[in-house]
>>> print(open('structure26.tsv').read())   # TSV, C-alpha atoms
chain	number	residue	atom	x	y	z
A	1	MET	CA	-25.01	-26.10	58.84
A	2	SER	CA	-23.38	-24.01	56.20
A	3	GLU	CA	-19.65	-24.22	55.73
A	4	ALA	CA	-17.67	-21.61	57.64
A	5	PHE	CA	-16.33	-18.70	55.65
A	6	ASP	CA	-12.63	-19.11	54.76
A	7	HIS	CA	-11.10	-15.72	54.07
A	8	HIS	CA	-7.94	-17.37	52.70
A	9	ARG	CA	-9.90	-18.87	49.79
A	10	TRP	CA	-11.89	-15.75	49.08
A	11	ARG	CA	-10.97	-13.76	45.98
A	12	PRO	CA	-12.73	-10.53	44.98
A	13	ALA	CA	-14.48	-10.60	41.63
A	14	PRO	CA	-12.93	-8.31	39.01
A	15	PHE	CA	-14.74	-5.13	38.03
A	16	LEU	CA	-14.61	-6.27	34.39
A	17	PRO	CA	-14.86	-10.04	33.82
A	18	GLU	CA	-12.07	-11.81	31.96
A	19	ARG	CA	-14.57	-13.10	29.41
A	20	ASP	CA	-17.83	-11.70	28.15
A	21	GLU	CA	-20.40	-13.33	25.91
A	22	ARG	CA	-20.17	-10.32	23.60
A	23	ASP	CA	-16.41	-10.67	23.14
A	24	GLY	CA	-16.84	-13.08	20.23
A	25	SER	CA	-18.68	-10.52	18.12
A	26	LEU	CA	-16.21	-7.78	19.01
A	27	ILE	CA	-13.22	-9.95	18.19
A	28	PHE	CA	-14.77	-10.97	14.87
A	29	VAL	CA	-15.47	-7.39	13.77
A	30	VAL	CA	-12.04	-6.07	14.79
A	31	ALA	CA	-10.31	-9.09	13.22
A	32	VAL	CA	-12.07	-8.47	9.91
A	33	LEU	CA	-11.08	-4.80	9.99
A	34	CYS	CA	-7.47	-5.75	10.75
A	35	PHE	CA	-7.55	-8.29	7.93
A	36	LEU	CA	-8.67	-5.61	5.46
A	37	ALA	CA	-6.09	-3.15	6.78
A	38	CYS	CA	-3.29	-5.68	6.32
A	39	LEU	CA	-4.42	-6.50	2.78
A	40	THR	CA	-4.48	-2.78	2.00
A	41	ALA	CA	-0.94	-2.35	3.32
A	42	MET	CA	0.38	-5.28	1.27
A	43	ALA	CA	-1.40	-4.05	-1.86
A	44	VAL	CA	0.10	-0.57	-1.47
A	45	ILE	CA	3.59	-2.01	-1.01
A	46	ALA	CA	3.20	-4.22	-4.09
A	47	ALA	CA	1.84	-1.34	-6.17
A	48	ASP	CA	4.74	0.88	-5.10
A	49	ARG	CA	7.18	-1.86	-6.11
A	50	ALA	CA	5.54	-2.14	-9.53
A	51	ALA	CA	5.64	1.62	-10.05
A	52	SER	CA	9.30	1.76	-9.01
A	53	GLY	CA	10.15	-1.05	-11.41
A	54	TRP	CA	8.39	0.59	-14.33
A	55	THR	CA	9.96	3.95	-13.54
A	56	GLY	CA	13.39	2.36	-13.34
A	57	GLN	CA	12.96	0.71	-16.72
A	58	LEU	CA	11.76	3.90	-18.37
A	59	THR	CA	14.47	6.01	-16.76
A	60	GLY	CA	17.18	3.78	-18.20
A	61	GLU	CA	15.86	3.92	-21.76
A	62	ALA	CA	15.01	6.41	-24.46
A	63	THR	CA	13.50	6.17	-27.93
A	64	VAL	CA	14.60	8.27	-30.89
A	65	ILE	CA	12.36	8.77	-33.92
A	66	VAL	CA	14.52	9.39	-37.01
A	67	ARG	CA	13.30	11.02	-40.24
A	68	PRO	CA	15.49	10.86	-43.34
A	69	ARG	CA	16.74	14.05	-44.97
A	70	GLY	CA	16.97	14.66	-48.70
A	71	GLY	CA	17.81	11.54	-50.67
A	72	GLU	CA	18.87	9.58	-47.57
A	73	THR	CA	17.03	6.32	-46.95
A	74	PRO	CA	15.25	5.80	-43.62
A	75	ASP	CA	17.49	2.84	-42.77
A	76	ALA	CA	20.64	4.82	-43.45
A	77	ALA	CA	19.40	7.73	-41.31
A	78	ALA	CA	18.59	5.36	-38.44
A	79	ALA	CA	22.01	3.71	-38.68
A	80	ARG	CA	23.73	7.11	-38.64
A	81	ALA	CA	21.67	8.20	-35.64
A	82	ALA	CA	22.50	5.02	-33.75
A	83	GLU	CA	26.20	5.53	-34.45
A	84	ALA	CA	26.09	9.14	-33.24
A	85	LEU	CA	24.19	8.25	-30.07
A	86	ALA	CA	26.43	5.28	-29.24
A	87	GLU	CA	29.40	7.67	-28.99
A	88	THR	CA	27.54	10.05	-26.66
A	89	ALA	CA	28.53	10.17	-23.00
A	90	GLY	CA	25.93	8.57	-20.77
A	91	VAL	CA	24.73	6.09	-23.41
A	92	SER	CA	25.46	2.39	-22.96
A	93	GLU	CA	23.98	1.18	-26.23
A	94	ALA	CA	22.09	2.55	-29.23
A	95	ARG	CA	20.66	0.34	-31.96
A	96	ALA	CA	18.38	0.94	-34.87
A	97	LEU	CA	15.24	-1.18	-34.74
A	98	GLU	CA	14.05	-3.20	-37.68
A	99	PRO	CA	11.43	-1.51	-39.88
A	100	SER	CA	8.95	-4.16	-38.83
A	101	LYS	CA	9.06	-2.76	-35.29
A	102	ALA	CA	7.87	0.62	-36.50
A	103	TYR	CA	5.23	-1.01	-38.67
A	104	ASP	CA	3.93	-2.97	-35.69
A	105	LEU	CA	3.53	0.24	-33.70
A	106	ILE	CA	1.43	2.06	-36.30
A	107	ARG	CA	-0.48	-0.90	-37.72
A	108	PRO	CA	-3.12	-0.85	-34.92
A	109	TRP	CA	-3.90	2.76	-35.87
A	110	LEU	CA	-3.98	2.27	-39.65
A	111	GLY	CA	-5.60	-1.14	-39.70
A	112	ASP	CA	-4.67	-3.96	-42.05
A	113	VAL	CA	-2.84	-2.03	-44.78
A	114	SER	CA	-1.17	-4.31	-47.29
A	115	ASP	CA	1.25	-1.70	-48.68
A	116	ILE	CA	2.27	-0.21	-45.34
A	117	GLU	CA	5.92	-0.59	-46.34
A	118	ASP	CA	5.40	2.07	-49.00
A	119	LEU	CA	4.42	4.69	-46.42
A	120	PRO	CA	7.08	7.15	-45.16
A	121	VAL	CA	7.36	5.50	-41.77
A	122	PRO	CA	10.16	6.94	-39.59
A	123	ARG	CA	12.73	4.62	-38.11
A	124	LEU	CA	13.25	4.04	-34.41
A	125	VAL	CA	16.49	3.91	-32.45
A	126	ALA	CA	16.42	2.26	-29.01
A	127	VAL	CA	18.84	3.89	-26.59
A	128	THR	CA	20.01	2.26	-23.36
A	129	LEU	CA	21.30	4.86	-20.93
A	130	ASP	CA	24.12	4.51	-18.43
A	131	GLY	CA	22.67	3.56	-15.06
A	132	ARG	CA	25.06	5.73	-13.05
A	133	HIS	CA	25.30	8.81	-15.26
A	134	PRO	CA	22.48	8.69	-17.82
A	135	ALA	CA	22.52	11.10	-20.70
A	136	THR	CA	19.83	13.73	-20.69
A	137	ALA	CA	17.39	14.36	-23.53
A	138	ALA	CA	19.17	17.65	-24.26
A	139	ARG	CA	22.49	15.86	-24.69
A	140	LEU	CA	20.96	13.31	-27.03
A	141	LYS	CA	19.36	16.05	-29.09
A	142	ALA	CA	22.67	17.91	-29.29
A	143	ALA	CA	24.49	14.78	-30.49
A	144	LEU	CA	21.90	14.25	-33.23
A	145	ALA	CA	21.93	17.91	-34.27
A	146	ALA	CA	25.72	17.83	-34.56
A	147	GLN	CA	25.37	15.11	-37.22
A	148	ASN	CA	22.56	16.98	-38.99
A	149	ILE	CA	20.03	14.27	-38.18
A	150	ASP	CA	16.33	15.09	-38.10
A	151	ALA	CA	15.08	13.21	-35.05
A	152	THR	CA	12.84	13.48	-32.02
A	153	VAL	CA	14.04	12.23	-28.62
A	154	ASP	CA	11.50	10.63	-26.30
A	155	ASP	CA	13.04	10.16	-22.84
A	156	HIS	CA	9.73	8.78	-21.49
A	157	SER	CA	9.48	11.67	-19.03
A	158	ILE	CA	5.73	11.97	-19.60
A	159	TRP	CA	5.20	8.29	-18.83
A	160	ILE	CA	7.44	8.52	-15.77
A	161	LYS	CA	5.42	11.45	-14.41
A	162	ASP	CA	2.17	9.59	-15.00
A	163	ILE	CA	3.46	6.48	-13.23
A	164	ARG	CA	4.73	8.48	-10.28
A	165	ARG	CA	1.44	10.36	-10.08
A	166	ALA	CA	-0.49	7.10	-10.17
A	167	GLY	CA	1.77	5.66	-7.47
A	168	GLY	CA	1.13	8.70	-5.28
A	169	VAL	CA	-2.62	8.33	-5.77
A	170	VAL	CA	-2.45	4.65	-4.77
A	171	GLU	CA	-0.44	5.49	-1.64
A	172	ALA	CA	-2.85	8.27	-0.66
A	173	LEU	CA	-5.83	6.01	-1.28
A	174	GLY	CA	-4.25	3.25	0.80
A	175	ALA	CA	-3.54	5.68	3.65
A	176	GLY	CA	-7.12	6.92	3.51
A	177	ILE	CA	-8.52	3.39	3.63
A	178	PHE	CA	-6.22	2.52	6.53
A	179	LEU	CA	-7.34	5.57	8.52
A	180	LEU	CA	-10.97	4.78	7.76
A	181	ILE	CA	-10.53	1.22	9.02
A	182	ALA	CA	-8.79	2.49	12.16
A	183	ALA	CA	-11.66	4.91	12.77
A	184	ALA	CA	-14.19	2.10	12.31
A	185	ALA	CA	-12.31	-0.08	14.79
A	186	GLY	CA	-12.21	2.78	17.28
A	187	ALA	CA	-15.95	3.33	16.87
A	188	VAL	CA	-16.65	-0.36	17.52
A	189	VAL	CA	-14.53	-0.33	20.67
A	190	ALA	CA	-16.19	2.91	21.81
A	191	PHE	CA	-19.60	1.30	21.41
A	192	ALA	CA	-18.48	-1.77	23.39
A	193	THR	CA	-17.04	0.50	26.09
A	194	ARG	CA	-20.29	2.42	26.32
A	195	ALA	CA	-22.26	-0.84	26.65
A	196	GLY	CA	-19.91	-2.21	29.29
A	197	LEU	CA	-20.02	0.97	31.30
A	198	ALA	CA	-23.81	1.14	31.14
A	199	ALA	CA	-24.04	-2.43	32.40
A	200	ARG	CA	-21.85	-1.58	35.42
A	201	ARG	CA	-23.16	1.87	36.19
A	202	ASP	CA	-24.08	0.95	39.77
A	203	VAL	CA	-20.60	-0.43	40.42
A	204	VAL	CA	-19.02	2.74	39.02
A	205	GLU	CA	-21.10	4.84	41.38
A	206	VAL	CA	-20.02	2.71	44.32
A	207	LEU	CA	-16.39	3.08	43.31
A	208	HIS	CA	-16.87	6.82	43.13
A	209	LEU	CA	-18.24	6.82	46.66
A	210	ALA	CA	-15.25	4.74	47.75
A	211	GLY	CA	-12.89	7.39	46.38
A	212	ALA	CA	-11.86	5.82	43.08
A	213	GLU	CA	-10.73	8.37	40.51
A	214	ASP	CA	-12.16	8.57	37.00
A	215	GLY	CA	-8.79	7.76	35.45
A	216	PHE	CA	-8.52	4.54	37.45
A	217	ILE	CA	-11.92	3.29	36.27
A	218	ALA	CA	-11.22	4.33	32.67
A	219	ARG	CA	-7.92	2.43	32.70
A	220	LEU	CA	-9.78	-0.77	33.56
A	221	PHE	CA	-11.73	-0.47	30.31
A	222	GLN	CA	-8.61	0.60	28.48
A	223	VAL	CA	-6.61	-2.48	29.45
A	224	ARG	CA	-9.48	-4.87	28.84
A	225	PHE	CA	-10.35	-3.70	25.34
A	226	ALA	CA	-6.70	-3.30	24.37
A	227	ARG	CA	-6.22	-6.97	25.22
A	228	VAL	CA	-9.30	-8.00	23.23
A	229	ALA	CA	-8.30	-5.87	20.21
A	230	GLY	CA	-4.75	-7.21	20.32
A	231	LEU	CA	-6.07	-10.75	20.08
A	232	ALA	CA	-8.37	-9.75	17.22
A	233	GLY	CA	-5.48	-8.02	15.46
A	234	LEU	CA	-3.40	-11.16	15.78
A	235	LEU	CA	-6.15	-13.23	14.17
A	236	GLY	CA	-6.72	-10.72	11.37
A	237	ALA	CA	-2.99	-10.39	10.68
A	238	GLY	CA	-2.62	-14.16	10.55
A	239	ALA	CA	-5.45	-14.47	8.01
A	240	ALA	CA	-3.97	-11.67	5.89
A	241	ALA	CA	-0.52	-13.29	6.00
A	242	ALA	CA	-2.04	-16.59	4.87
A	243	MET	CA	-3.81	-14.89	1.97
A	244	GLY	CA	-0.63	-13.01	1.03
A	245	ALA	CA	1.30	-16.27	0.97
A	246	GLY	CA	-1.42	-17.84	-1.18
A	247	LEU	CA	-1.30	-14.97	-3.66
A	248	ARG	CA	2.49	-15.20	-3.80
A	249	ILE	CA	2.41	-18.92	-4.48
A	250	ALA	CA	-0.40	-18.62	-7.03
A	251	GLY	CA	1.31	-15.77	-8.85
A	252	GLY	CA	4.72	-17.40	-9.15
A	253	GLY	CA	7.87	-15.35	-9.55
A	254	GLY	CA	6.10	-12.29	-10.95
A	255	GLY	CA	3.40	-12.07	-8.32
A	256	ILE	CA	-0.31	-12.41	-8.89
A	257	THR	CA	-0.28	-9.72	-11.64
A	258	PRO	CA	2.35	-7.36	-13.08
A	259	ALA	CA	0.48	-4.49	-11.43
A	260	LEU	CA	0.62	-6.14	-7.98
A	261	PRO	CA	3.85	-8.15	-7.77
A	262	PHE	CA	3.55	-9.60	-4.27
A	263	ALA	CA	6.79	-10.61	-2.57
A	264	TRP	CA	7.39	-12.73	0.51
A	265	THR	CA	8.71	-9.70	2.37
A	266	ASP	CA	5.34	-7.96	1.95
A	267	ILE	CA	3.89	-10.34	4.51
A	268	LEU	CA	6.02	-8.62	7.16
A	269	ALA	CA	3.65	-5.64	6.87
A	270	VAL	CA	1.13	-7.51	9.07
A	271	ILE	CA	3.49	-7.66	12.07
A	272	PRO	CA	2.52	-4.27	13.58
A	273	CYS	CA	-1.21	-4.98	13.18
A	274	PRO	CA	-1.88	-6.41	16.69
A	275	LEU	CA	-0.02	-3.54	18.34
A	276	ILE	CA	-1.82	-0.92	16.26
A	277	ALA	CA	-5.19	-2.55	16.98
A	278	ALA	CA	-4.45	-2.60	20.70
A	279	ALA	CA	-3.32	1.03	20.65
A	280	VAL	CA	-6.44	2.20	18.77
A	281	ALA	CA	-8.70	0.22	21.12
A	282	ALA	CA	-6.93	1.56	24.20
A	283	ALA	CA	-7.26	5.15	23.02
A	284	ALA	CA	-10.93	4.72	22.08
A	285	ALA	CA	-11.79	2.99	25.35
A	286	GLN	CA	-9.92	5.53	27.45
A	287	PHE	CA	-11.54	8.50	25.73
A	288	THR	CA	-15.05	7.03	25.78
A	289	ALA	CA	-14.91	5.81	29.38
A	290	THR	CA	-13.46	9.06	30.70
A	291	ARG	CA	-16.10	11.17	28.96
A	292	LEU	CA	-18.99	8.97	30.09
A	293	ILE	CA	-17.81	8.75	33.69
A	294	ARG	CA	-17.48	12.50	33.93
A	295	ASP	CA	-21.03	12.92	32.64
A	296	MET	CA	-22.43	10.67	35.33
A	297	PRO	CA	-24.41	12.53	38.00
>>> encode(input="structure26.tsv", output="structure tokens")
Amino acid sequence: MSEAFDHHRWRPAPFLPERDERDGSLIFVVAVLCFLACLTAMAVIAADRAASGWTGQLTGEATVIVRPRGGETPDAAAARAAEALAETAGVSEARALEPSKAYDLIRPWLGDVSDIEDLPVPRLVAVTLDGRHPATAARLKAALAAQNIDATVDDHSIWIKDIRRAGGVVEALGAGIFLLIAAAAGAVVAFATRAGLAARRDVVEVLHLAGAEDGFIARLFQVRFARVAGLAGLLGAGAAAAMGAGLRIAGGGGGITPALPFAWTDILAVIPCPLIAAAVAAAAAQFTATRLIRDMP
């Protein structure tokens, strides 16, 4: 005889199983997408740090090109310009560079010229500006004009604009890549939701007959795929954090390259990844399931 039915030991099977043989592929794909998203976020943070560092260095410095007047020697004109600039408000230091510095700057353009010292090469004055109240280019020009010095002030404003523009492009590109990855993850979850709903179409119809609302059924898919995507996001974030740590160790104190100076704090950018992955998956599953259930006859 068969064993009598024990209603105390009976448990109803869940509408969506806890595990599915297709979960491994879904977790792998979402984890890879999260890994790429985390790497993108860390790269954007490192690039922004590099741009800020370069901008800060250029903002605190200026270069003055001095041309001698009349019978004045270039070295004397540079020394007089450095003295005039050193007394200007907003300037911390001004020093005339050695002639060899100017020669080194123009030698790549002229080639190997043996008598380059005989050319009328202007002298350079390096100006260090006050960090709190830096002198403007107009003030430097006025100080030089007051001493009747023929000079050109380069406050590096063109370079600063280029660096800031490049930093904005990198940030926009990173945001675009991040949104593209999020859209790809949502599409993958939507496909998995569609497949899961198609496999349980008969059960959905029975639930409808029993009075279950569309929102209730859609929430079952929402919770399930949010859980799966959260796990995948955790795996992808962990792999990205490990790679970030490896790049930091390999690069030493300056990061892997001067253009991407990774820091230990950049690894913290991976923390929101599991939550974002779960949120994207929940939204995609909810939207897809609700639309498909409503289209059912």
>>> residues_around(input="structure26.tsv", residues="Leu231 in chain A", least_positions_apart="4", cutoff="7 Å", atoms="all atoms listed in the file", output="ChimeraX atom specification")
/A:227,235,274
>>> atom_distance(input="structure26.tsv", atom1="CA of Asp130 in chain A", atom2="CA of His156 in chain A")
15.3 Å
>>> residues_around(input="structure26.tsv", residues="range 76-82 of chain A", least_positions_apart="2", cutoff="10 Å", atoms="all atoms listed in the file", output="PyMOL selection string")
chain A and resi 64-69+72-74+84-87+93-98+122-127+143-145+147-151
>>> write_last_selection(input="structure26.tsv", atoms="C-alpha atoms", output="compact mmCIF listing (two decimals), in the frame of the given file")
# COMPACT_ATOMS: atom_id res chain seq x y z
CA VAL A 64 14.60 8.27 -30.89
CA ILE A 65 12.36 8.77 -33.92
CA VAL A 66 14.52 9.39 -37.01
CA ARG A 67 13.30 11.02 -40.24
CA PRO A 68 15.49 10.86 -43.34
CA ARG A 69 16.74 14.05 -44.97
CA GLU A 72 18.87 9.58 -47.57
CA THR A 73 17.03 6.32 -46.95
CA PRO A 74 15.25 5.80 -43.62
CA ALA A 84 26.09 9.14 -33.24
CA LEU A 85 24.19 8.25 -30.07
CA ALA A 86 26.43 5.28 -29.24
CA GLU A 87 29.40 7.67 -28.99
CA GLU A 93 23.98 1.18 -26.23
CA ALA A 94 22.09 2.55 -29.23
CA ARG A 95 20.66 0.34 -31.96
CA ALA A 96 18.38 0.94 -34.87
CA LEU A 97 15.24 -1.18 -34.74
CA GLU A 98 14.05 -3.20 -37.68
CA PRO A 122 10.16 6.94 -39.59
CA ARG A 123 12.73 4.62 -38.11
CA LEU A 124 13.25 4.04 -34.41
CA VAL A 125 16.49 3.91 -32.45
CA ALA A 126 16.42 2.26 -29.01
CA VAL A 127 18.84 3.89 -26.59
CA ALA A 143 24.49 14.78 -30.49
CA LEU A 144 21.90 14.25 -33.23
CA ALA A 145 21.93 17.91 -34.27
CA GLN A 147 25.37 15.11 -37.22
CA ASN A 148 22.56 16.98 -38.99
CA ILE A 149 20.03 14.27 -38.18
CA ASP A 150 16.33 15.09 -38.10
CA ALA A 151 15.08 13.21 -35.05
>>> closest_residue(input="structure26.tsv", among="A:Ile249, A:Gly24, A:Val223, A:Gly167", to="Trp264 in chain A", atoms="only C-alpha atoms")
A:Ile249
>>> atom_distance(input="structure26.tsv", atom1="CA of Ala283 in chain A", atom2="CA of Val30 in chain A")
14.7 Å
>>> atom_distance(input="structure26.tsv", atom1="CA of Ala62 in chain A", atom2="CA of Ser100 in chain A")
18.8 Å
>>> residues_near_point(input="structure26.tsv", point="(-12.0, -1.3, 23.6)", cutoff="6 Å", atoms="all atoms listed in the file", output="ChimeraX atom specification")
/A:189,193,225-226,281-282,285
>>> residues_around(input="structure26.tsv", residues="Gly131 in chain A", least_positions_apart="3", cutoff="10 Å", atoms="only C-alpha atoms", output="ChimeraX atom specification")
/A:56,59-61,90-92,128,134-135
>>> residues_around(input="structure26.tsv", residues="Val170 in chain A", least_positions_apart="5", cutoff="12 Å", atoms="all atoms listed in the file", output="VMD selection string")
chain A and resid 40 to 51 163 to 165 175 to 177 259 to 260
>>> closest_residue(input="structure26.tsv", among="A:Ala37, A:Ala138, A:Ala218, A:Leu209", to="Ile271 in chain A", atoms="all atoms listed in the file")
A:Ala37
>>> closest_residue(input="structure26.tsv", among="A:Gly196, A:Leu247, A:Leu292, A:Ala237", to="Leu268 in chain A", atoms="all atoms listed in the file")
A:Ala237
>>> closest_residue(input="structure26.tsv", among="A:Thr152, A:Ile276, A:Asp295, A:Arg194", to="Gly230 in chain A", atoms="all atoms listed in the file")
A:Ile276
>>> closest_residue(input="structure26.tsv", among="A:Ala289, A:Ala89, A:Gln57, A:Val228", to="Ala198 in chain A", atoms="all atoms listed in the file")
A:Ala289
>>> closest_residue(input="structure26.tsv", among="A:Ala229, A:Ala239, A:Leu58, A:Ile293", to="Val204 in chain A", atoms="all atoms listed in the file")
A:Ile293
>>> residues_near_point(input="structure26.tsv", point="(16.2, 13.8, -21.3)", cutoff="8 Å", atoms="all atoms listed in the file", output="list in words")
Ala135, Thr136, Ala137, Ala138, Arg139, Leu140, Val153, Asp154, Asp155 and Ser157 of chain A
